[in-house]
>>> print(open('upload20.cif').read())   # mmCIF, C-alpha atoms and all ligand atoms
data_input
#
loop_
_atom_site.group_PDB
_atom_site.id
_atom_site.type_symbol
_atom_site.label_atom_id
_atom_site.label_comp_id
_atom_site.auth_asym_id
_atom_site.auth_seq_id
_atom_site.Cartn_x
_atom_site.Cartn_y
_atom_site.Cartn_z
ATOM 1 C CA MET Q 1 20.138 -10.052 1.285
ATOM 2 C CA THR Q 2 20.525 -6.316 1.496
ATOM 3 C CA ILE Q 3 18.387 -3.919 -0.415
ATOM 4 C CA GLN Q 4 19.832 -0.479 -0.645
ATOM 5 C CA TRP Q 5 17.852 2.636 -1.394
ATOM 6 C CA PHE Q 6 19.838 5.700 -2.260
ATOM 7 C CA PRO Q 7 20.348 7.284 1.160
ATOM 8 C CA GLY Q 8 20.363 10.779 -0.345
ATOM 9 C CA HIS Q 9 16.943 10.301 -1.896
ATOM 10 C CA MET Q 10 15.544 8.860 1.303
ATOM 11 C CA ALA Q 11 16.844 11.718 3.414
ATOM 12 C CA LYS Q 12 15.441 14.284 0.984
ATOM 13 C CA ALA Q 13 12.054 12.586 0.865
ATOM 14 C CA LYS Q 14 11.932 12.423 4.644
ATOM 15 C CA ARG Q 15 12.813 16.103 4.959
ATOM 16 C CA GLU Q 16 10.144 17.119 2.476
ATOM 17 C CA VAL Q 17 7.518 15.039 4.203
ATOM 18 C CA GLU Q 18 8.480 16.486 7.581
ATOM 19 C CA GLU Q 19 8.102 20.022 6.230
ATOM 20 C CA GLN Q 20 4.709 19.242 4.771
ATOM 21 C CA LEU Q 21 3.633 17.546 7.974
ATOM 22 C CA SER Q 22 4.025 20.745 9.914
ATOM 23 C CA LEU Q 23 1.188 22.170 7.796
ATOM 24 C CA VAL Q 24 -1.437 19.497 8.391
ATOM 25 C CA ASP Q 25 -3.781 18.214 11.098
ATOM 26 C CA LEU Q 26 -4.216 14.751 9.680
ATOM 27 C CA VAL Q 27 -1.845 12.271 8.072
ATOM 28 C CA ILE Q 28 -3.481 9.832 5.708
ATOM 29 C CA GLU Q 29 -1.060 6.945 5.441
ATOM 30 C CA LEU Q 30 -1.686 4.565 2.561
ATOM 31 C CA VAL Q 31 -0.604 0.970 2.933
ATOM 32 C CA ASP Q 32 -1.245 -1.980 0.660
ATOM 33 C CA ALA Q 33 -4.031 -4.239 1.934
ATOM 34 C CA ARG Q 34 -2.027 -7.248 0.737
ATOM 35 C CA ALA Q 35 0.818 -6.305 3.045
ATOM 36 C CA PRO Q 36 -0.348 -3.744 5.624
ATOM 37 C CA TYR Q 37 2.672 -4.321 7.840
ATOM 38 C CA SER Q 38 5.369 -4.556 5.175
ATOM 39 C CA SER Q 39 4.158 -1.549 3.221
ATOM 40 C CA GLN Q 40 4.249 0.818 6.183
ATOM 41 C CA ASN Q 41 7.221 3.095 6.427
ATOM 42 C CA PRO Q 42 8.926 2.499 9.768
ATOM 43 C CA MET Q 43 10.896 5.730 9.534
ATOM 44 C CA MET Q 44 7.681 7.729 9.581
ATOM 45 C CA GLN Q 45 6.140 6.062 12.585
ATOM 46 C CA ASP Q 46 8.098 8.331 14.963
ATOM 47 C CA VAL Q 47 7.887 11.477 12.908
ATOM 48 C CA THR Q 48 4.140 11.360 12.600
ATOM 49 C CA SER Q 49 3.382 9.977 16.032
ATOM 50 C CA ASP Q 50 1.864 13.191 17.372
ATOM 51 C CA LYS Q 51 -0.448 13.634 14.402
ATOM 52 C CA GLN Q 52 -3.912 12.244 14.063
ATOM 53 C CA LYS Q 53 -3.651 9.321 11.678
ATOM 54 C CA LEU Q 54 -5.933 7.686 9.176
ATOM 55 C CA ILE Q 55 -4.551 4.454 7.767
ATOM 56 C CA ILE Q 56 -6.024 3.468 4.424
ATOM 57 C CA LEU Q 57 -5.560 -0.113 3.279
ATOM 58 C CA MET Q 58 -5.465 0.349 -0.486
ATOM 59 C CA LYS Q 59 -6.299 -2.270 -3.129
ATOM 60 C CA ARG Q 60 -8.651 -4.109 -0.805
ATOM 61 C CA ASP Q 61 -10.079 -5.764 -3.929
ATOM 62 C CA MET Q 62 -6.831 -7.754 -4.238
ATOM 63 C CA ALA Q 63 -6.490 -8.811 -0.594
ATOM 64 C CA GLU Q 64 -8.241 -11.476 1.450
ATOM 65 C CA GLU Q 65 -11.250 -9.807 3.065
ATOM 66 C CA ARG Q 66 -11.059 -11.649 6.377
ATOM 67 C CA VAL Q 67 -7.438 -10.661 6.982
ATOM 68 C CA THR Q 68 -8.101 -7.072 5.887
ATOM 69 C CA GLN Q 69 -10.744 -6.868 8.606
ATOM 70 C CA GLN Q 70 -8.234 -8.195 11.152
ATOM 71 C CA TRP Q 71 -5.778 -5.480 10.147
ATOM 72 C CA LEU Q 72 -8.467 -2.792 10.410
ATOM 73 C CA ASP Q 73 -9.247 -3.978 13.950
ATOM 74 C CA TYR Q 74 -5.553 -3.979 14.788
ATOM 75 C CA PHE Q 75 -4.990 -0.383 13.635
ATOM 76 C CA ARG Q 76 -8.146 0.808 15.382
ATOM 77 C CA GLU Q 77 -7.010 -0.827 18.621
ATOM 78 C CA GLN Q 78 -3.880 1.312 18.321
ATOM 79 C CA GLY Q 79 -6.052 4.428 18.418
ATOM 80 C CA LYS Q 80 -5.786 5.153 14.707
ATOM 81 C CA TYR Q 81 -8.577 5.592 12.239
ATOM 82 C CA ALA Q 82 -8.537 2.897 9.574
ATOM 83 C CA LEU Q 83 -10.394 2.132 6.352
ATOM 84 C CA ALA Q 84 -9.997 -0.375 3.547
ATOM 85 C CA VAL Q 85 -10.482 0.991 0.060
ATOM 86 C CA ASP Q 86 -10.771 -0.007 -3.565
ATOM 87 C CA VAL Q 87 -10.290 3.252 -5.458
ATOM 88 C CA ASN Q 88 -12.640 2.084 -8.176
ATOM 89 C CA GLN Q 89 -15.580 1.914 -5.776
ATOM 90 C CA LYS Q 90 -17.321 5.269 -5.397
ATOM 91 C CA ASP Q 91 -18.715 4.240 -2.017
ATOM 92 C CA ASP Q 92 -15.217 3.631 -0.700
ATOM 93 C CA ILE Q 93 -14.174 7.142 -1.692
ATOM 94 C CA LYS Q 94 -17.311 8.476 0.026
ATOM 95 C CA GLN Q 95 -16.303 6.575 3.186
ATOM 96 C CA ILE Q 96 -12.989 8.422 3.233
ATOM 97 C CA VAL Q 97 -14.724 11.793 2.971
ATOM 98 C CA LYS Q 98 -17.185 10.798 5.695
ATOM 99 C CA GLN Q 99 -14.432 9.573 8.012
ATOM 100 C CA THR Q 100 -12.416 12.707 7.432
ATOM 101 C CA LYS Q 101 -15.446 14.835 8.235
ATOM 102 C CA GLN Q 102 -15.804 13.049 11.584
ATOM 103 C CA ILE Q 103 -12.126 13.562 12.379
ATOM 104 C CA SER Q 104 -12.460 17.220 11.424
ATOM 105 C CA GLU Q 105 -15.391 17.624 13.800
ATOM 106 C CA HIS Q 106 -13.414 16.065 16.658
ATOM 107 C CA ILE Q 107 -10.448 18.334 16.020
ATOM 108 C CA ASN Q 108 -12.629 21.423 15.814
ATOM 109 C CA GLU Q 109 -14.349 20.519 19.081
ATOM 110 C CA ARG Q 110 -10.947 20.452 20.729
ATOM 111 C CA ARG Q 111 -9.986 23.749 19.105
ATOM 112 C CA LYS Q 112 -13.216 25.282 20.407
ATOM 113 C CA GLU Q 113 -12.462 24.090 23.949
ATOM 114 C CA LYS Q 114 -9.115 25.852 23.708
ATOM 115 C CA GLY Q 115 -10.788 28.998 22.414
ATOM 116 C CA ILE Q 116 -9.379 28.581 18.909
ATOM 117 C CA ASN Q 117 -11.597 29.242 15.901
ATOM 118 C CA PRO Q 118 -12.687 26.176 13.971
ATOM 119 C CA ARG Q 119 -11.370 25.777 10.434
ATOM 120 C CA SER Q 120 -11.232 23.237 7.636
ATOM 121 C CA LEU Q 121 -9.154 20.185 8.302
ATOM 122 C CA ARG Q 122 -5.854 20.023 6.462
ATOM 123 C CA ALA Q 123 -4.546 16.642 5.471
ATOM 124 C CA MET Q 124 -1.803 15.030 3.464
ATOM 125 C CA ILE Q 125 -1.399 11.628 1.915
ATOM 126 C CA ILE Q 126 1.792 9.663 2.451
ATOM 127 C CA GLY Q 127 2.903 6.221 1.366
ATOM 128 C CA ILE Q 128 5.490 4.131 -0.383
ATOM 129 C CA PRO Q 129 5.775 4.120 -4.188
ATOM 130 C CA ASN Q 130 2.997 2.429 -6.128
ATOM 131 C CA VAL Q 131 0.617 2.159 -3.179
ATOM 132 C CA GLY Q 132 -1.956 4.306 -4.990
ATOM 133 C CA LYS Q 133 -1.339 7.862 -3.785
ATOM 134 C CA SER Q 134 -1.842 9.712 -7.073
ATOM 135 C CA THR Q 135 -4.861 7.632 -8.009
ATOM 136 C CA LEU Q 136 -6.542 8.328 -4.701
ATOM 137 C CA ILE Q 137 -5.825 12.064 -4.832
ATOM 138 C CA ASN Q 138 -7.359 12.146 -8.327
ATOM 139 C CA ARG Q 139 -10.450 10.285 -7.176
ATOM 140 C CA LEU Q 140 -10.910 12.559 -4.183
ATOM 141 C CA ALA Q 141 -10.478 15.735 -6.188
ATOM 142 C CA SER Q 142 -13.457 16.072 -8.433
ATOM 143 C CA LYS Q 143 -12.764 18.007 -11.626
ATOM 144 C CA LYS Q 144 -15.194 20.769 -10.829
ATOM 145 C CA GLN Q 145 -13.357 21.817 -7.721
ATOM 146 C CA ALA Q 146 -10.599 24.269 -8.285
ATOM 147 C CA GLN Q 147 -7.613 24.482 -6.071
ATOM 148 C CA THR Q 148 -8.185 26.606 -3.019
ATOM 149 C CA GLY Q 149 -5.118 28.680 -3.664
ATOM 150 C CA ASP Q 150 -1.756 28.995 -2.092
ATOM 151 C CA LYS Q 151 -0.879 28.874 1.552
ATOM 152 C CA PRO Q 152 2.656 29.586 2.545
ATOM 153 C CA GLY Q 153 4.654 26.404 2.799
ATOM 154 C CA VAL Q 154 8.067 26.036 4.311
ATOM 155 C CA THR Q 155 10.184 25.768 1.193
ATOM 156 C CA LYS Q 156 7.682 26.430 -1.527
ATOM 157 C CA LYS Q 157 4.063 27.294 -1.964
ATOM 158 C CA GLN Q 158 1.835 24.309 -1.412
ATOM 159 C CA GLN Q 159 -1.232 23.678 -3.480
ATOM 160 C CA TRP Q 160 -4.287 22.627 -1.567
ATOM 161 C CA ILE Q 161 -7.278 20.877 -3.044
ATOM 162 C CA LYS Q 162 -10.655 21.365 -1.457
ATOM 163 C CA ILE Q 163 -12.294 17.969 -1.089
ATOM 164 C CA GLN Q 164 -16.092 18.089 -1.373
ATOM 165 C CA GLY Q 165 -16.207 21.095 0.909
ATOM 166 C CA GLU Q 166 -15.076 18.928 3.812
ATOM 167 C CA PHE Q 167 -11.318 19.231 4.041
ATOM 168 C CA GLU Q 168 -8.202 20.469 2.305
ATOM 169 C CA LEU Q 169 -5.644 18.105 0.907
ATOM 170 C CA LEU Q 170 -2.064 18.833 -0.115
ATOM 171 C CA ASP Q 171 -1.933 18.050 -3.820
ATOM 172 C CA THR Q 172 1.496 16.453 -3.631
ATOM 173 C CA PRO Q 173 1.700 13.185 -1.738
ATOM 174 C CA GLY Q 174 4.587 12.392 0.551
ATOM 175 C CA ILE Q 175 6.537 9.620 -1.081
ATOM 176 C CA LEU Q 176 8.233 7.371 1.404
ATOM 177 C CA TRP Q 177 10.646 4.596 0.793
ATOM 178 C CA PRO Q 178 10.004 1.225 2.308
ATOM 179 C CA LYS Q 179 12.644 0.011 4.626
ATOM 180 C CA PHE Q 180 13.159 -3.636 5.008
ATOM 181 C CA GLU Q 181 15.629 -5.050 7.409
ATOM 182 C CA GLU Q 182 13.507 -8.154 7.374
ATOM 183 C CA GLU Q 183 14.093 -10.379 4.367
ATOM 184 C CA GLU Q 184 10.433 -11.383 4.207
ATOM 185 C CA VAL Q 185 9.358 -7.769 3.911
ATOM 186 C CA GLY Q 186 11.505 -7.352 0.797
ATOM 187 C CA TYR Q 187 9.907 -10.371 -0.829
ATOM 188 C CA ARG Q 188 6.402 -9.270 0.047
ATOM 189 C CA LEU Q 189 6.964 -5.826 -1.432
ATOM 190 C CA ALA Q 190 8.543 -7.356 -4.514
ATOM 191 C CA ALA Q 191 5.622 -9.761 -4.916
ATOM 192 C CA ILE Q 192 3.045 -6.964 -4.892
ATOM 193 C CA GLY Q 193 5.167 -4.895 -7.260
ATOM 194 C CA THR Q 194 6.231 -2.117 -4.933
ATOM 195 C CA ILE Q 195 9.934 -2.482 -5.456
ATOM 196 C CA LYS Q 196 11.624 -2.795 -8.795
ATOM 197 C CA ASP Q 197 11.871 -6.311 -10.143
ATOM 198 C CA GLN Q 198 15.581 -5.883 -10.721
ATOM 199 C CA ILE Q 199 16.357 -5.673 -7.010
ATOM 200 C CA LEU Q 200 15.503 -9.254 -6.165
ATOM 201 C CA HIS Q 201 15.799 -12.238 -8.484
ATOM 202 C CA LEU Q 202 12.559 -12.970 -10.287
ATOM 203 C CA ASP Q 203 12.775 -16.679 -9.563
ATOM 204 C CA ASP Q 204 13.233 -15.987 -5.838
ATOM 205 C CA ILE Q 205 10.151 -13.749 -5.862
ATOM 206 C CA ALA Q 206 8.171 -16.409 -7.722
ATOM 207 C CA ILE Q 207 9.280 -19.120 -5.283
ATOM 208 C CA TYR Q 208 8.281 -16.861 -2.404
ATOM 209 C CA ILE Q 209 4.833 -16.411 -3.958
ATOM 210 C CA LEU Q 210 4.388 -20.158 -4.471
ATOM 211 C CA ASN Q 211 5.479 -21.021 -0.940
ATOM 212 C CA THR Q 212 3.212 -18.401 0.620
ATOM 213 C CA MET Q 213 0.288 -19.547 -1.482
ATOM 214 C CA LYS Q 214 0.953 -23.173 -0.655
ATOM 215 C CA GLN Q 215 0.733 -22.242 3.016
ATOM 216 C CA TYR Q 216 -2.325 -19.957 2.924
ATOM 217 C CA TYR Q 217 -4.068 -20.381 -0.418
ATOM 218 C CA PRO Q 218 -3.338 -23.888 -1.731
ATOM 219 C CA ASP Q 219 -6.728 -24.226 -3.441
ATOM 220 C CA ALA Q 220 -6.301 -21.031 -5.445
ATOM 221 C CA LEU Q 221 -2.849 -22.184 -6.487
ATOM 222 C CA VAL Q 222 -4.023 -25.549 -7.769
ATOM 223 C CA LYS Q 223 -7.017 -23.915 -9.429
ATOM 224 C CA ARG Q 224 -4.675 -21.853 -11.588
ATOM 225 C CA TYR Q 225 -1.937 -24.454 -12.032
ATOM 226 C CA SER Q 226 -3.854 -27.724 -12.139
ATOM 227 C CA THR Q 227 -0.815 -29.951 -12.675
ATOM 228 C CA LEU Q 228 0.973 -28.683 -9.589
ATOM 229 C CA ASN Q 229 1.783 -31.343 -7.020
ATOM 230 C CA LEU Q 230 1.721 -29.622 -3.653
ATOM 231 C CA GLU Q 231 2.652 -32.845 -1.879
ATOM 232 C CA SER Q 232 6.146 -32.202 -3.168
ATOM 233 C CA ASP Q 233 8.355 -29.455 -1.761
ATOM 234 C CA ASP Q 234 10.601 -29.493 -4.797
ATOM 235 C CA VAL Q 235 10.341 -26.055 -6.426
ATOM 236 C CA VAL Q 236 12.038 -27.286 -9.592
ATOM 237 C CA GLU Q 237 9.226 -29.793 -9.954
ATOM 238 C CA TRP Q 238 6.701 -26.965 -9.437
ATOM 239 C CA PHE Q 239 8.397 -24.781 -12.048
ATOM 240 C CA ASP Q 240 8.475 -27.725 -14.474
ATOM 241 C CA ALA Q 241 4.760 -28.350 -14.009
ATOM 242 C CA ILE Q 242 3.791 -24.687 -14.444
ATOM 243 C CA GLY Q 243 6.209 -24.291 -17.350
ATOM 244 C CA LYS Q 244 4.728 -27.247 -19.193
ATOM 245 C CA GLN Q 245 1.172 -26.164 -18.538
ATOM 246 C CA ARG Q 246 1.815 -22.624 -19.701
ATOM 247 C CA GLY Q 247 4.166 -23.443 -22.562
ATOM 248 C CA CYS Q 248 7.215 -21.684 -21.160
ATOM 249 C CA LEU Q 249 9.683 -23.545 -23.332
ATOM 250 C CA MET Q 250 13.014 -22.820 -24.909
ATOM 251 C CA SER Q 251 14.180 -24.516 -28.102
ATOM 252 C CA GLY Q 252 14.432 -28.267 -27.665
ATOM 253 C CA GLY Q 253 11.446 -28.237 -25.333
ATOM 254 C CA VAL Q 254 13.511 -27.242 -22.301
ATOM 255 C CA ILE Q 255 11.563 -25.348 -19.629
ATOM 256 C CA ASP Q 256 12.444 -21.658 -19.506
ATOM 257 C CA TYR Q 257 12.516 -20.933 -15.766
ATOM 258 C CA ASP Q 258 12.783 -17.155 -16.229
ATOM 259 C CA GLN Q 259 9.579 -17.250 -18.218
ATOM 260 C CA VAL Q 260 7.898 -19.420 -15.572
ATOM 261 C CA ALA Q 261 8.879 -16.951 -12.841
ATOM 262 C CA ASP Q 262 7.461 -14.153 -14.959
ATOM 263 C CA VAL Q 263 4.167 -16.008 -15.443
ATOM 264 C CA ILE Q 264 3.761 -16.600 -11.702
ATOM 265 C CA ILE Q 265 4.486 -12.980 -10.776
ATOM 266 C CA ARG Q 266 2.206 -11.653 -13.499
ATOM 267 C CA ASP Q 267 -0.599 -14.028 -12.520
ATOM 268 C CA LEU Q 268 -0.414 -12.792 -8.955
ATOM 269 C CA ARG Q 269 -0.335 -9.092 -9.828
ATOM 270 C CA GLN Q 270 -3.177 -9.426 -12.318
ATOM 271 C CA GLY Q 271 -5.325 -11.176 -9.746
ATOM 272 C CA HIS Q 272 -5.350 -14.585 -11.478
ATOM 273 C CA LEU Q 273 -4.307 -16.263 -8.243
ATOM 274 C CA GLY Q 274 -7.268 -14.783 -6.396
ATOM 275 C CA ARG Q 275 -7.153 -12.451 -3.425
ATOM 276 C CA VAL Q 276 -3.876 -12.881 -1.617
ATOM 277 C CA THR Q 277 -2.668 -11.255 1.593
ATOM 278 C CA PHE Q 278 1.017 -11.708 2.338
ATOM 279 C CA ASP Q 279 1.009 -10.148 5.805
ATOM 280 C CA GLN Q 280 -1.119 -12.599 7.732
ATOM 281 C CA MET Q 281 -2.067 -11.741 11.317
HETATM 282 P P1 LIG Q 301 1.581 6.024 -6.327
HETATM 283 O O1 LIG Q 301 2.945 5.686 -6.837
HETATM 284 O O2 LIG Q 301 1.478 5.769 -4.868
HETATM 285 O O3 LIG Q 301 1.094 7.393 -6.706
HETATM 286 O O4 LIG Q 301 0.595 4.945 -6.996
HETATM 287 P P2 LIG Q 301 -0.424 5.109 -8.217
HETATM 288 O O5 LIG Q 301 -1.537 6.024 -7.857
HETATM 289 O O6 LIG Q 301 0.363 5.419 -9.444
HETATM 290 O O7 LIG Q 301 -1.025 3.622 -8.314
HETATM 291 C C1 LIG Q 301 -0.226 2.501 -8.608
HETATM 292 C C2 LIG Q 301 -1.076 1.435 -9.251
HETATM 293 O O8 LIG Q 301 -1.996 0.898 -8.318
HETATM 294 C C3 LIG Q 301 -1.912 1.951 -10.426
HETATM 295 O O9 LIG Q 301 -1.850 0.990 -11.455
HETATM 296 C C4 LIG Q 301 -3.323 2.044 -9.854
HETATM 297 O O10 LIG Q 301 -4.313 1.857 -10.829
HETATM 298 C C5 LIG Q 301 -3.312 0.887 -8.863
HETATM 299 N N1 LIG Q 301 -4.281 1.074 -7.764
HETATM 300 C C6 LIG Q 301 -4.375 2.103 -6.911
HETATM 301 N N2 LIG Q 301 -5.370 1.910 -6.024
HETATM 302 C C7 LIG Q 301 -5.926 0.716 -6.319
HETATM 303 C C8 LIG Q 301 -7.001 -0.063 -5.743
HETATM 304 O O11 LIG Q 301 -7.661 0.306 -4.749
HETATM 305 N N3 LIG Q 301 -7.251 -1.263 -6.329
HETATM 306 C C9 LIG Q 301 -6.537 -1.715 -7.399
HETATM 307 N N4 LIG Q 301 -6.855 -2.917 -7.898
HETATM 308 N N5 LIG Q 301 -5.537 -1.020 -7.952
HETATM 309 C C10 LIG Q 301 -5.236 0.178 -7.426
#
>>> encode(input="upload20.cif", output="structure tokens")
Amino acid sequence: MTIQWFPGHMAKAKREVEEQLSLVDLVIELVDARAPYSSQNPMMQDVTSDKQKLIILMKRDMAEERVTQQWLDYFREQGKYALAVDVNQKDDIKQIVKQTKQISEHINERRKEKGINPRSLRAMIIGIPNVGKSTLINRLASKKQAQTGDKPGVTKKQQWIKIQGEFELLDTPGILWPKFEEEEVGYRLAAIGTIKDQILHLDDIAIYILNTMKQYYPDALVKRYSTLNLESDDVVEWFDAIGKQRGCLMSGGVIDYDQVADVIIRDLRQGHLGRVTFDQM
């Protein structure tokens, strides 16, 4: 399986992000808590290696809490700051501001030691499509706060948003494309809805979801699809059972497998299969 992004788009996105990076002290990289490894952008690991990094595991409400904690520990052991966030929780947004304030204080202490005047921290948000970048920027920027004005950017003027008086955030996120040499990574990203459904076959994505859930979350699977026989490894049998239960039928009562695949994927994305983390530690 090869998944091909348009190389031109990728190169342009990378260039833009690199230009923006030169303007900031802190890179806030968003990953999906359901796949913190697969939703990272490997291309950016080198580019941003000299910057202070805050990794935010987005959509924590959809991921298994225990594994999310393991990932937080893992990132922190690597010397990065890390938080898990549900954008709909005000306290989670407050945590980000608090964490950023601490990072800002550290950076300013170092600036002071070097005889450089302290100033507000400048940060940017990066991440793959659909990880939650725009939503988070909107939540951080309260309506009352106006933009702080223009600072010269490299190619164009950048807009900065002042976040609760604590730091300045570039208003345009850096959009990065996921890269997946590993087949599993492609399926994980497809399952959580990061890559377009047309790229991989829907039934393959659905089978991937069922197999992963059988391995890690069998109870949740049977809770949703009560007629599923997990003793069997026959996916056709699984599809038949789910199709019958959910009425995915074509004329003549034949099971419509496309519809079954659709049901499984939708159930997962809408949280009906419970909290699921695809990247297990
Ligand atoms: P972007 O492409 O990275 O800018 O992603 P968006 O900000 O458009 O978000 C993509 C989808 O993820 C939207 O439907 C958001 O409502 C949803 N989303 C973002 N953050 C969270 C979160 O913490 N929890 C949940 N459940 N959904 C989220």
>>> resolve_selection(input="upload20.cif", expression="the PyMOL selection byres (((chain Q and resi 133) around 12) and not hetatm)", output="ChimeraX atom specification")
/Q:28-32,56-59,87,124-132,134-140,170-176
>>> write_last_selection(input="upload20.cif", atoms="C-alpha atoms", output="PDB file, keeping the file's coordinate frame")
ATOM      1  CA  ILE Q  28      -3.481   9.832   5.708  1.00  0.00           C
ATOM      2  CA  GLU Q  29      -1.060   6.945   5.441  1.00  0.00           C
ATOM      3  CA  LEU Q  30      -1.686   4.565   2.561  1.00  0.00           C
ATOM      4  CA  VAL Q  31      -0.604   0.970   2.933  1.00  0.00           C
ATOM      5  CA  ASP Q  32      -1.245  -1.980   0.660  1.00  0.00           C
ATOM      6  CA  ILE Q  56      -6.024   3.468   4.424  1.00  0.00           C
ATOM      7  CA  LEU Q  57      -5.560  -0.113   3.279  1.00  0.00           C
ATOM      8  CA  MET Q  58      -5.465   0.349  -0.486  1.00  0.00           C
ATOM      9  CA  LYS Q  59      -6.299  -2.270  -3.129  1.00  0.00           C
ATOM     10  CA  VAL Q  87     -10.290   3.252  -5.458  1.00  0.00           C
ATOM     11  CA  MET Q 124      -1.803  15.030   3.464  1.00  0.00           C
ATOM     12  CA  ILE Q 125      -1.399  11.628   1.915  1.00  0.00           C
ATOM     13  CA  ILE Q 126       1.792   9.663   2.451  1.00  0.00           C
ATOM     14  CA  GLY Q 127       2.903   6.221   1.366  1.00  0.00           C
ATOM     15  CA  ILE Q 128       5.490   4.131  -0.383  1.00  0.00           C
ATOM     16  CA  PRO Q 129       5.775   4.120  -4.188  1.00  0.00           C
ATOM     17  CA  ASN Q 130       2.997   2.429  -6.128  1.00  0.00           C
ATOM     18  CA  VAL Q 131       0.617   2.159  -3.179  1.00  0.00           C
ATOM     19  CA  GLY Q 132      -1.956   4.306  -4.990  1.00  0.00           C
ATOM     20  CA  SER Q 134      -1.842   9.712  -7.073  1.00  0.00           C
ATOM     21  CA  THR Q 135      -4.861   7.632  -8.009  1.00  0.00           C
ATOM     22  CA  LEU Q 136      -6.542   8.328  -4.701  1.00  0.00           C
ATOM     23  CA  ILE Q 137      -5.825  12.064  -4.832  1.00  0.00           C
ATOM     24  CA  ASN Q 138      -7.359  12.146  -8.327  1.00  0.00           C
ATOM     25  CA  ARG Q 139     -10.450  10.285  -7.176  1.00  0.00           C
ATOM     26  CA  LEU Q 140     -10.910  12.559  -4.183  1.00  0.00           C
ATOM     27  CA  LEU Q 170      -2.064  18.833  -0.115  1.00  0.00           C
ATOM     28  CA  ASP Q 171      -1.933  18.050  -3.820  1.00  0.00           C
ATOM     29  CA  THR Q 172       1.496  16.453  -3.631  1.00  0.00           C
ATOM     30  CA  PRO Q 173       1.700  13.185  -1.738  1.00  0.00           C
ATOM     31  CA  GLY Q 174       4.587  12.392   0.551  1.00  0.00           C
ATOM     32  CA  ILE Q 175       6.537   9.620  -1.081  1.00  0.00           C
ATOM     33  CA  LEU Q 176       8.233   7.371   1.404  1.00  0.00           C
TER      34      LEU Q 176
END
>>> atom_distance(input="upload20.cif", atom1="CA of Ala63 (chain Q)", atom2="CA of Arg34 (chain Q)")
4.9 Å
>>> atom_distance(input="upload20.cif", atom1="CA of Arg266 (chain Q)", atom2="CA of Glu183 (chain Q)")
21.5 Å
>>> resolve_selection(input="upload20.cif", expression="the PyMOL selection byres (((chain Q and resi 71) around 9) and not hetatm)", output="PDB file with C-alpha atoms, in the frame of the given file")
ATOM      1  CA  ALA Q  33      -4.031  -4.239   1.934  1.00  0.00           C
ATOM      2  CA  PRO Q  36      -0.348  -3.744   5.624  1.00  0.00           C
ATOM      3  CA  TYR Q  37       2.672  -4.321   7.840  1.00  0.00           C
ATOM      4  CA  LEU Q  57      -5.560  -0.113   3.279  1.00  0.00           C
ATOM      5  CA  ARG Q  66     -11.059 -11.649   6.377  1.00  0.00           C
ATOM      6  CA  VAL Q  67      -7.438 -10.661   6.982  1.00  0.00           C
ATOM      7  CA  THR Q  68      -8.101  -7.072   5.887  1.00  0.00           C
ATOM      8  CA  GLN Q  69     -10.744  -6.868   8.606  1.00  0.00           C
ATOM      9  CA  GLN Q  70      -8.234  -8.195  11.152  1.00  0.00           C
ATOM     10  CA  LEU Q  72      -8.467  -2.792  10.410  1.00  0.00           C
ATOM     11  CA  ASP Q  73      -9.247  -3.978  13.950  1.00  0.00           C
ATOM     12  CA  TYR Q  74      -5.553  -3.979  14.788  1.00  0.00           C
ATOM     13  CA  PHE Q  75      -4.990  -0.383  13.635  1.00  0.00           C
ATOM     14  CA  ARG Q  76      -8.146   0.808  15.382  1.00  0.00           C
ATOM     15  CA  ALA Q  82      -8.537   2.897   9.574  1.00  0.00           C
ATOM     16  CA  GLN Q 280      -1.119 -12.599   7.732  1.00  0.00           C
ATOM     17  CA  MET Q 281      -2.067 -11.741  11.317  1.00  0.00           C
TER      18      MET Q 281
END
>>> atom_distance(input="upload20.cif", atom1="atom N1 of ligand LIG 301 (chain Q)", atom2="CA of Asp86 (chain Q)")
7.8 Å
>>> axis_aligned_box(input="upload20.cif", around="region 36-39 of chain Q", padding_each_side="8 Å", output="lines of an AutoDock Vina configuration file")
center_x = 2.5
center_y = -3.1
center_z = 5.5
size_x = 21.7
size_y = 19.0
size_z = 20.6
>>> resolve_selection(input="upload20.cif", expression="the PyMOL selection byres (((chain Q and resi 209-224) around 8) and not hetatm)", output="list of chain:residue names")
Q:Ala191, Q:Ile205, Q:Ala206, Q:Ile207, Q:Tyr208, Q:Tyr225, Q:Ser226, Q:Thr227, Q:Leu228, Q:Leu230, Q:Ile264, Q:Ile265, Q:His272, Q:Leu273, Q:Gly274, Q:Val276, Q:Phe278
>>> closest_residue(input="upload20.cif", among="Q:Gln52, Q:His9, Q:Gln95, Q:Asp203", to="Gln78 (chain Q)", atoms="all atoms listed in the file")
Q:Gln52
>>> closest_residue(input="upload20.cif", among="Q:Leu189, Q:Ile199, Q:Leu23, Q:Ile93", to="ligand LIG 301 (chain Q)", atoms="only C-alpha atoms and all ligand atoms")
Q:Ile93
>>> closest_residue(input="upload20.cif", among="Q:Leu268, Q:Ala35, Q:Leu54, Q:Leu83", to="Val185 (chain Q)", atoms="all atoms listed in the file")
Q:Ala35
>>> closest_residue(input="upload20.cif", among="Q:Ala141, Q:Glu166, Q:Gly193, Q:Glu113", to="ligand LIG 301 (chain Q)", atoms="only C-alpha atoms and all ligand atoms")
Q:Gly193
>>> closest_residue(input="upload20.cif", among="Q:Val254, Q:Val85, Q:Leu21, Q:Ile96", to="ligand LIG 301 (chain Q)", atoms="only C-alpha atoms and all ligand atoms")
Q:Val85
>>> closest_residue(input="upload20.cif", among="Q:His106, Q:Arg122, Q:Lys90, Q:Lys112", to="ligand LIG 301 (chain Q)", atoms="all atoms listed in the file")
Q:Lys90
